[in-house]
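Peer 1: This is the structure I have questions about; it appears just below.
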Amino acid sequence: GGGGGRPGGAPRGAGLLPSTLRRPPAVAAEACSTAVALAAAEAVEEVAGFTPGLKWPNDLVWPGDDTGPDRKLAGILAEADWPVGSSASTGPRRAQPDERVVVVVGIGINVRWPDELPEELVDVAVACNHVTGKDVDREDLLIALLRHLGPWYERLVAGDRTALVAAWRERSATLGRRVRVELGPDDVVGTAVDLTEDGHLVVETLEGERRTFAVGDVVHLRPV
């Protein structure tokens with residue numbers, strides 16, 4: 001994940017871990033992490049020269065080999081402040097759509113890691129320098145991320161999610177894949193078929209039912 005420590009167990013100084021604070025209308029708050037993920041993918045493409053995939057709900061990934069899973073390049077963590085009027089005893093008050101909500105989105109991008117990864121990370125994590133074969137400047141990557149985030153965030157605030165969702169679909173590493181949505185005792189296996197305008201994942205189950213998930217850990221499964 002991002003924002004809460006070094007990404008994926010990376011050595012100190014090997015990652016880029018910025019957090020951005022925004023005050024979007026409540027209706028757009030949920031999509032802020034999607035905007036950051038998309039901006040990060042565009043920044044990596046611009047600065048590092050390769051195009052990571054977007055794994056729902058909040059990771060950037062790079063494909064493994066034919067037998068291995070996608071490896072995590074970046075993770076995102078978003079937190080929203082409760083609206084005024086919420087309390088610990090009564091719980092959060094539902095914000096009105098145009099009411100401003102404080103959202104902090106943190107991201108951890110693996111930028112410069114040692115060539116030899118610990119055995120426990122070889123199949124699950126990757127850094128920019130592993131893909132490119134050369135060092136990537138963290139400051140250049142940060143500047144590019146913020147520059148790409150600006151227009152996406154402005155569109156969200158203006159009420160336009162269509163372009164954001166379309167761009168996410170285009171870069172998705174999840175859509176079209178056989179997945180398992182881990183929900184504790186009620187895991188769901190099926191094919192990821194779409195992303196809604198709210199950023200929720202639509203999965204067609206093995207029984208042919210379409211289910212929509214707002215949250216959940218997704219595992220990309222190998223083709224059968």
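Chain lettering (A, B, ...) mirrors the order of the structure tokens, residue numbering begins at 1 for each chain separately, and ligand numbering begins at 1 in order of display.
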Any chance you could list, as a list in words, the residues in segment 185-223 of chain A that come up strand (DSSP E) when DSSP is run on the backbone?
Peer 2: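 Answer for segment 185-223 of chain A restricted to strand (DSSP E) is Val188, Val189, Gly190, Thr191, Ala192, Val193, Asp194, Leu195, Leu201, Val202, Val203, Glu204, Thr205, Arg210, Arg211, Thr212, Phe213, Asp217, Val218, Val219 and His220 of chain A.
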Peer 1: Determine, using only C-alpha atoms, which residues of segment 92-158 of chain A have any atom at most 8 Å from an atom of segment 50-62 of chain A, and tabulate each with its shortest atom pair and distance in Å to one decimal place, rows ordered by chain and then rising number, as JSON lines.
Peer 2:
```
{"residue": "A:Val126", "atom": "CA", "partner": "A:Trp62", "partner_atom": "CA", "distance": 7.3}
{"residue": "A:Val131", "atom": "CA", "partner": "A:Phe50", "partner_atom": "CA", "distance": 7.7}
{"residue": "A:Thr132", "atom": "CA", "partner": "A:Phe50", "partner_atom": "CA", "distance": 7.5}
```
Peer 1: I'd like to know which of A:Ala37, A:Leu183, A:Ala144, A:Val193 is closest to Val215 of chain A, using only C-alpha atoms.
Peer 2: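 So, comparing all the options, the nearest one is A:Leu183.
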Peer 1: Between A:Leu206, A:Ala31, A:Leu16, A:Val47, which has the minimum distance to Leu73 of chain A (counting only C-alpha atoms)?
Peer 2: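 Of A:Leu206, A:Ala31, A:Leu16, A:Val47, the one nearest Leu73 of chain A, counting only C-alpha atoms, is A:Leu16.
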Peer 1: From the set A:Val218, A:Val202, A:Ala158, A:Ala173, which residue has the shortest atom-to-atom contact distance to Asp187 of chain A, counting only C-alpha atoms?
Peer 2: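 Of the candidates, the smallest distance to Asp187 of chain A is held by A:Val218.
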Peer 1: Give me the residues near Leu221 of chain A as a short mmCIF file (atom, residue, chain, number, x, y, z; two decimals) with N, CA, C and O atoms, in the first residue's frame, where near means some atom within 8 Å (using only C-alpha atoms) and where sequence neighbours in that chain fewer than 3 positions away do not count.
Peer 2:
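As a result, selection_18.cif now contains:
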```
data_model
loop_
_atom_site.label_atom_id
_atom_site.label_comp_id
_atom_site.auth_asym_id
_atom_site.auth_seq_id
_atom_site.Cartn_x
_atom_site.Cartn_y
_atom_site.Cartn_z
N PRO A 69 2.31 -14.52 -11.32
CA PRO A 69 1.28 -13.49 -11.22
C PRO A 69 1.82 -12.11 -11.61
O PRO A 69 3.03 -11.92 -11.77
N ARG A 177 -10.03 -10.45 -17.08
CA ARG A 177 -9.29 -11.49 -16.39
C ARG A 177 -10.21 -12.34 -15.53
O ARG A 177 -11.23 -11.89 -15.02
N ARG A 178 -9.80 -13.60 -15.32
CA ARG A 178 -10.46 -14.45 -14.34
C ARG A 178 -9.93 -14.02 -12.97
O ARG A 178 -8.72 -13.93 -12.77
N VAL A 179 -10.84 -13.72 -12.04
CA VAL A 179 -10.43 -13.16 -10.76
C VAL A 179 -11.14 -13.87 -9.62
O VAL A 179 -12.17 -14.53 -9.80
N ARG A 180 -10.58 -13.68 -8.45
CA ARG A 180 -11.25 -14.07 -7.20
C ARG A 180 -11.37 -12.82 -6.34
O ARG A 180 -10.36 -12.17 -6.05
#
```
Peer 1: Just list the residues in segment 1-221 of chain A DSSP gives alpha helix (DSSP H) on the backbone, as a ChimeraX atom specification.
Peer 2: /A:26-29,32-47,128-132,138-157,162-171
Peer 1: Between A:Ala35, A:Ala163, A:Gly176, A:Val219, which is the closest to Val189 of chain A once you count only C-alpha atoms?
Peer 2: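 Answer, going by the shortest atom-to-atom distance: A:Val219.
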Peer 1: Using only C-alpha atoms, pick whichever of A:Lys134, A:Arg100, A:Arg155, A:Arg222 has the shortest atom-to-atom distance to Gly49 of chain A.
Peer 2: A:Lys134
